[in-house]
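Engineer: Got a structure for you, questions after.
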Amino acid sequence: MKYTILLLLVLNISINGCFSQNHKEFVTELDKFIGKEKDKKKVTGVSVSLAIDGQVLLSKGYGFANKKDNITVDQHTQFAVGSISKLITSTAVLKLYSNNLIDIDKPYTYYVPEFSIKQHFKQKTPFTIRHLLTHFAGLPRVHAKGYSLIEERPLSRILDISRDSYLIAPPALVSQYSDWGTDLLALLVEKVSGLKFEEFVAKEVFEPLQMNESWYGSLQETKSYHKGVVSPTYEYSYVGSDGLNSTSLNLMNLGQMYLDDGKFDGKAYIMESISRDAKSAQFINAPLRFSKRQGFMWDINQFSQYKRLSKGGIHEPFYSMLYVVPEYKMVLAICSNSNSSSSIHRSIYSEVIDHLSTIKKGIPSNISEPPLRRVSLSNEQISKVEGTYSTDQGIVDIQQNRNKFKVTFDIMDKAIIGYPYSNNTIRIKAKILGLVPVKVMDVFWAEVDNEVVVGEQYSSGHRSLGGVKVQKKPIPENWENAVGIYKVSNLLEDEYSHLERLELKVNQYGILELSGTTIYPTKFDIQLAISPISDSLAIIPGYSFEFFAGETIELSENNGKTTLLISGYELSKIN
């Protein structure tokens, strides 16, 4: 027995020594790779922290935090980490939960009774804190007007906004990413703790997790760059969903706590069962979930050998990512100050995963999908698929063309051929340089609660919701008379504007359309289908990451002018 134990100890030391040596050699190569990738992808500054098996193997900066003053990035450089702030908010909520101060399965109004919001749905079930933690509450993406601020505003303002706003979906129907919902969680923390949110987080999150270089506010030292040129970012947004400044090393500490099931530095921080719940997919029976796996602010991806928890953050043009892979006991945090940096995050992560997959074995997920094959659809299926869709790619029209479909992306003025395949999918192909058609993407379609939806089907078999079919109905006279050009008329001096003007029209498909260009933080065209539900109210069909999907538009008169109220913006007709 003594020799057996001794042999096992020797084997363990040898194996660990082999792993350590492999890691050491790999980190040397990774360091060189990051430097080359930074230059190749024209990233101004990036900071990377990597821990494997609880050991910090790399924490280093590359490039510049401030080129003008010749300030280089190091492990202490602070970045605006955008939506990674949401993980801090969920952690603060889970700390209250772990201390038995709240129950996350109680309605939000149990703790914040002054909250109210309108809805069009027959189902009147209130959303819970768990719904908010997973973006399943049915709230809009943001309240666009006043979301990006020049001056700080109190969280309590969100209560005023909510009273005059509408849910976009009943709770537990779809995971609709919502900054709004996370800001409501920050308000909950204030109500329950009696402290300002930033004070509670500093005491109950940053201090115990040794995140002593993390704080909220306007970042001055590290500059932000667009194509290598200084590009000022917005000063403030609500602290629940945004506004955190941190280092890659501090973010790695946060990820390590979740990796270690609620422990940090050997001490219990939140209950193990709560930490495990936070890392598990929630509302798996939600009708419109499809392949979306959402934990408590964690995005969850199950691959063949491992599960990945991730959270990204954009505070334009800052870009950050935090990855946790339990099977490989890995935490990786990457922060950058350049708009061109999203690809460097992916490439660094891929290098680390490729290394770990060669020396460690994960747990197979047994995810598999049957092979796709060309099929002929029945008349009933064709009638369900054909139509005009409101999607995250603008308005998309799908019409039968013999044994194929003509798929028109209206905002790009481009029609592409789609071929029906098994498993309710359409394979979209385009001719490259006029040659043989090449696959562009696979689109799935499904009918859920009498609503036809479409989305992208990936080669892995995963599905991502992308749009809904617009039901064509007679357009009320009030809305037909409202057709024209509109300009924002209620912008305040301390607000950045996402919009300037929009056009309301009846488009070629016979449905109302609201189109224009966003002007902040970047310019891009928007095209929104409009479905009137009364003489004064209309819905923007759909669910997506972008602004406005699912929101309600109000039509009214103000000082003799026809006006549209959308996401807080009042737009007055100018012709």
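Residues in the structure tokens are named by chain (A, B, ... in the order shown) and by number from 1 within that chain; ligands are numbered from 1 in the order shown.
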Hey, what does DSSP flag as helix (DSSP H, G or I) within range 145-261 of chain A? Can you give it to me as number ranges by chain?
Structural biologist: A: 157-163, 179-193, 197-206, 248-259
Engineer: Using only C-alpha atoms, find each residue of range 229-306 of chain A with at least one atom at most 12 Å away from an atom of range 154-158 of chain A; report its shortest atom-to-atom pair and that distance in Å (one decimal), sort the rows by chain and rising residue number, and return the result as CSV.
Structural biologist:
```
residue,atom,partner,partner_atom,distance
A:Tyr236,CA,A:Pro154,CA,11.1
A:Ser237,CA,A:Leu155,CA,9.9
A:Tyr238,CA,A:Leu155,CA,6.7
A:Val239,CA,A:Leu155,CA,8.0
A:Gly240,CA,A:Leu155,CA,8.5
A:Ser241,CA,A:Leu155,CA,11.0
```
Engineer: Return the single residue from A:Phe283, A:Phe524, A:Tyr62, A:Tyr97 that is closest to Ile270 in chain A, with distances computed using only C-alpha atoms.
Structural biologist: A:Tyr97
Engineer: Record the distance separating CA of Asp242 in chain A and CA of Ser85 in chain A, expressed in Å with one decimal.
Structural biologist: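 Taking CA of Asp242 in chain A as the start and CA of Ser85 in chain A as the end point, the length is 5.1 Å.
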Engineer: Report, in Å with one decimal, the straight-line distance from CA of Glu190 in chain A to CA of Val81 in chain A.
Structural biologist: 22.0 Å
Engineer: Compare A:Gly313, A:Gly45, A:Pro107, A:Gly243 by their minimum atom-to-atom distance to Tyr147 in chain A, counting only C-alpha atoms, and give me the closest one.
Structural biologist: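 Smallest distance to Tyr147 in chain A is found for A:Gly243.
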Engineer: Would you pick out the contacts of range 70-74 of chain A at 10 Å or less, using only C-alpha atoms, so that residues sharing its chain but fewer than 6 positions from it are not included, and give the list as a PyMOL selection string?
Structural biologist: chain A and resi 44-48+59-64+221-223+247-248+336
Engineer: Those selected residues, please, written with all heavy atoms and delivered as a compact mmCIF listing (two decimals), in the first residue's frame.
Structural biologist:
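This is the output file result34.txt:
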```
# COMPACT_ATOMS: atom_id res chain seq x y z
N THR A 44 -4.83 49.35 -30.68
CA THR A 44 -3.96 50.32 -30.00
C THR A 44 -3.43 49.78 -28.69
O THR A 44 -2.23 49.84 -28.41
CB THR A 44 -4.72 51.63 -29.75
OG1 THR A 44 -5.20 52.13 -31.01
CG2 THR A 44 -3.80 52.67 -29.13
N GLY A 45 -4.32 49.23 -27.85
CA GLY A 45 -3.88 48.71 -26.56
C GLY A 45 -4.74 47.54 -26.11
O GLY A 45 -5.96 47.55 -26.32
N VAL A 46 -4.12 46.53 -25.49
CA VAL A 46 -4.86 45.37 -25.01
C VAL A 46 -4.17 44.82 -23.77
O VAL A 46 -2.93 44.84 -23.68
CB VAL A 46 -5.00 44.28 -26.10
CG1 VAL A 46 -3.64 43.76 -26.53
CG2 VAL A 46 -5.88 43.14 -25.65
N SER A 47 -4.97 44.36 -22.81
CA SER A 47 -4.46 43.74 -21.60
C SER A 47 -5.04 42.34 -21.48
O SER A 47 -6.24 42.14 -21.70
CB SER A 47 -4.84 44.57 -20.37
OG SER A 47 -4.45 43.92 -19.17
N VAL A 48 -4.20 41.35 -21.14
CA VAL A 48 -4.64 39.95 -21.10
C VAL A 48 -4.22 39.32 -19.78
O VAL A 48 -3.06 39.45 -19.36
CB VAL A 48 -4.02 39.14 -22.26
CG1 VAL A 48 -4.51 37.69 -22.21
CG2 VAL A 48 -4.36 39.77 -23.60
N SER A 59 -0.40 37.93 -17.06
CA SER A 59 -1.13 39.17 -16.80
C SER A 59 -0.25 40.30 -17.31
O SER A 59 0.70 40.72 -16.65
CB SER A 59 -1.43 39.34 -15.31
OG SER A 59 -2.25 40.48 -15.10
N LYS A 60 -0.58 40.75 -18.51
CA LYS A 60 0.35 41.65 -19.20
C LYS A 60 -0.40 42.59 -20.14
O LYS A 60 -1.48 42.26 -20.63
CB LYS A 60 1.37 40.83 -19.99
CG LYS A 60 2.47 41.62 -20.67
CD LYS A 60 3.48 40.70 -21.35
CE LYS A 60 4.55 41.51 -22.09
NZ LYS A 60 5.56 40.64 -22.75
N GLY A 61 0.18 43.76 -20.37
CA GLY A 61 -0.38 44.72 -21.30
C GLY A 61 0.45 44.81 -22.56
O GLY A 61 1.66 44.55 -22.56
N TYR A 62 -0.20 45.23 -23.66
CA TYR A 62 0.44 45.37 -24.96
C TYR A 62 -0.05 46.67 -25.60
O TYR A 62 -1.24 46.96 -25.60
CB TYR A 62 0.09 44.19 -25.87
CG TYR A 62 0.40 42.83 -25.28
CD1 TYR A 62 -0.48 42.24 -24.36
CD2 TYR A 62 1.55 42.15 -25.63
CE1 TYR A 62 -0.21 41.00 -23.82
CE2 TYR A 62 1.84 40.90 -25.08
CZ TYR A 62 0.95 40.34 -24.17
OH TYR A 62 1.22 39.11 -23.61
N GLY A 63 0.86 47.42 -26.16
CA GLY A 63 0.46 48.64 -26.85
C GLY A 63 0.26 49.81 -25.90
O GLY A 63 0.84 49.85 -24.80
N PHE A 64 -0.60 50.75 -26.33
CA PHE A 64 -0.72 52.02 -25.62
C PHE A 64 -2.10 52.23 -25.00
O PHE A 64 -3.13 51.94 -25.62
CB PHE A 64 -0.43 53.18 -26.57
CG PHE A 64 1.00 53.29 -26.98
CD1 PHE A 64 1.45 52.69 -28.16
CD2 PHE A 64 1.92 53.98 -26.19
CE1 PHE A 64 2.78 52.78 -28.54
CE2 PHE A 64 3.25 54.08 -26.56
CZ PHE A 64 3.69 53.47 -27.74
N GLU A 221 -7.86 58.38 -17.88
CA GLU A 221 -6.47 58.05 -18.15
C GLU A 221 -6.29 57.23 -19.43
O GLU A 221 -5.40 57.50 -20.23
CB GLU A 221 -5.88 57.31 -16.95
CG GLU A 221 -5.78 58.18 -15.71
CD GLU A 221 -5.19 57.43 -14.54
OE1 GLU A 221 -4.86 56.23 -14.70
OE2 GLU A 221 -5.05 58.02 -13.45
N THR A 222 -7.12 56.19 -19.60
CA THR A 222 -7.00 55.36 -20.79
C THR A 222 -7.86 55.94 -21.90
O THR A 222 -9.07 56.10 -21.73
CB THR A 222 -7.45 53.91 -20.49
OG1 THR A 222 -6.74 53.43 -19.36
CG2 THR A 222 -7.16 53.00 -21.68
N LYS A 223 -7.27 56.23 -23.03
CA LYS A 223 -8.01 56.82 -24.15
C LYS A 223 -8.60 55.72 -25.03
O LYS A 223 -8.12 54.59 -25.06
CB LYS A 223 -7.09 57.71 -24.98
CG LYS A 223 -6.49 58.87 -24.20
CD LYS A 223 -7.54 59.78 -23.60
CE LYS A 223 -6.93 60.93 -22.80
NZ LYS A 223 -7.98 61.76 -22.15
N THR A 247 -9.62 46.25 -14.62
CA THR A 247 -8.43 45.70 -15.27
C THR A 247 -8.71 44.24 -15.63
O THR A 247 -9.61 43.60 -15.07
CB THR A 247 -7.23 45.75 -14.32
OG1 THR A 247 -7.47 44.86 -13.21
CG2 THR A 247 -6.99 47.16 -13.79
N SER A 248 -7.93 43.72 -16.54
CA SER A 248 -8.11 42.31 -16.90
C SER A 248 -7.84 41.41 -15.70
O SER A 248 -8.50 40.37 -15.52
CB SER A 248 -7.21 41.94 -18.08
OG SER A 248 -5.83 42.06 -17.74
N SER A 336 -9.55 45.87 -24.12
CA SER A 336 -8.88 46.67 -25.15
C SER A 336 -9.56 48.01 -25.31
O SER A 336 -10.70 48.21 -24.86
CB SER A 336 -8.86 45.93 -26.49
OG SER A 336 -10.19 45.70 -26.93
```
Engineer: For the atom pair CA of Ile353 in chain A and CA of Tyr328 in chain A, what is the interatomic distance in Å to one decimal place?
Structural biologist: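 Atom-to-atom, CA of Ile353 in chain A and CA of Tyr328 in chain A are spaced 8.6 Å apart.
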Engineer: So that I can check the surroundings of range 395-398 of chain A, please list as a ChimeraX atom specification every protein, DNA and RNA residue that reaches within 6 Å of it, counting only C-alpha atoms and ignoring chain neighbours fewer than 5 positions away.
Structural biologist: /A:386-390,406-410
Engineer: Write out the residues from the selection above, keeping N, CA, C and O atoms, as an mmCIF file, in the first residue's frame.
Structural biologist:
```
data_model
loop_
_atom_site.group_PDB
_atom_site.id
_atom_site.type_symbol
_atom_site.label_atom_id
_atom_site.label_comp_id
_atom_site.auth_asym_id
_atom_site.auth_seq_id
_atom_site.Cartn_x
_atom_site.Cartn_y
_atom_site.Cartn_z
ATOM 1 N N GLU A 386 -43.749 31.625 -46.591
ATOM 2 C CA GLU A 386 -43.844 32.831 -47.416
ATOM 3 C C GLU A 386 -44.341 34.015 -46.593
ATOM 4 O O GLU A 386 -45.231 33.878 -45.763
ATOM 5 N N GLY A 387 -43.740 35.179 -46.835
ATOM 6 C CA GLY A 387 -44.203 36.388 -46.174
ATOM 7 C C GLY A 387 -43.080 37.369 -45.926
ATOM 8 O O GLY A 387 -41.939 37.169 -46.345
ATOM 9 N N THR A 388 -43.422 38.434 -45.235
ATOM 10 C CA THR A 388 -42.476 39.503 -44.919
ATOM 11 C C THR A 388 -42.126 39.429 -43.441
ATOM 12 O O THR A 388 -43.009 39.310 -42.592
ATOM 13 N N TYR A 389 -40.833 39.509 -43.154
ATOM 14 C CA TYR A 389 -40.352 39.322 -41.795
ATOM 15 C C TYR A 389 -39.646 40.578 -41.276
ATOM 16 O O TYR A 389 -38.930 41.259 -42.011
ATOM 17 N N SER A 390 -39.863 40.847 -40.008
ATOM 18 C CA SER A 390 -39.129 41.891 -39.309
ATOM 19 C C SER A 390 -37.973 41.221 -38.588
ATOM 20 O O SER A 390 -38.175 40.400 -37.690
ATOM 21 N N LYS A 406 -37.240 32.917 -53.152
ATOM 22 C CA LYS A 406 -36.542 34.169 -53.407
ATOM 23 C C LYS A 406 -36.531 34.939 -52.091
ATOM 24 O O LYS A 406 -37.577 35.307 -51.566
ATOM 25 N N VAL A 407 -35.333 35.154 -51.544
ATOM 26 C CA VAL A 407 -35.177 35.807 -50.249
ATOM 27 C C VAL A 407 -34.608 37.204 -50.484
ATOM 28 O O VAL A 407 -33.476 37.345 -50.954
ATOM 29 N N THR A 408 -35.403 38.231 -50.195
ATOM 30 C CA THR A 408 -35.004 39.618 -50.464
ATOM 31 C C THR A 408 -34.656 40.329 -49.165
ATOM 32 O O THR A 408 -35.494 40.463 -48.269
ATOM 33 N N PHE A 409 -33.395 40.761 -49.055
ATOM 34 C CA PHE A 409 -32.959 41.587 -47.935
ATOM 35 C C PHE A 409 -33.162 43.043 -48.366
ATOM 36 O O PHE A 409 -32.335 43.607 -49.092
ATOM 37 N N ASP A 410 -34.267 43.628 -47.925
ATOM 38 C CA ASP A 410 -34.704 44.914 -48.466
ATOM 39 C C ASP A 410 -33.724 46.040 -48.181
ATOM 40 O O ASP A 410 -33.491 46.896 -49.029
#
```
Engineer: Would you list, as a list in words, the residues of range 103-304 of chain A that end up in strand (DSSP E) under DSSP run on this structure's backbone?
Structural biologist: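 Taking range 103-304 of chain A and keeping strand (DSSP E) gives Trp215, Tyr216, Tyr225, His226, Val229, Val230, Leu244, Asn245, Ser246, Lys263, Phe264, Lys267, Ala268, Asp299, Ile300, Asn301 and Gln302 of chain A.
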Engineer: Of the candidates A:Leu195, A:Leu571, A:Ala430, A:Ile566, which shows the shortest atom-to-atom distance to Ser165 in chain A, using only C-alpha atoms?
Structural biologist: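 The shortest atom-to-atom distance to Ser165 in chain A comes from A:Ile566.
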Engineer: Taking only C-alpha atoms into account, which of A:Ile428, A:Leu565, A:Leu504, A:Leu149 comes nearest Gly217 in chain A?
Structural biologist: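 That would be A:Leu149, the residue with the smallest distance to Gly217 in chain A.
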Engineer: Give me, as a PyMOL selection string, all polymer residues having an atom no more than 10 Å from Asp494 in chain A, counting only C-alpha atoms and skipping those fewer than 6 positions away in the same chain.
Structural biologist: chain A and resi 146+148-153
Engineer: Determine the nearest neighbour of Asn558 in chain A from the options A:Lys32, A:Ser231, A:Lys573, A:Lys118, counting only C-alpha atoms.
Structural biologist: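 Using only C-alpha atoms, the shortest distance to Asn558 in chain A belongs to A:Lys573.
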Engineer: Select, from A:Tyr234, A:Ile34, A:Asp277, A:Phe206, the residue with the minimum atom-to-atom distance to Leu254 in chain A, counting only C-alpha atoms.
Structural biologist: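 Checking each of A:Tyr234, A:Ile34, A:Asp277, A:Phe206 against Leu254 in chain A, counting only C-alpha atoms, the winner is A:Phe206.
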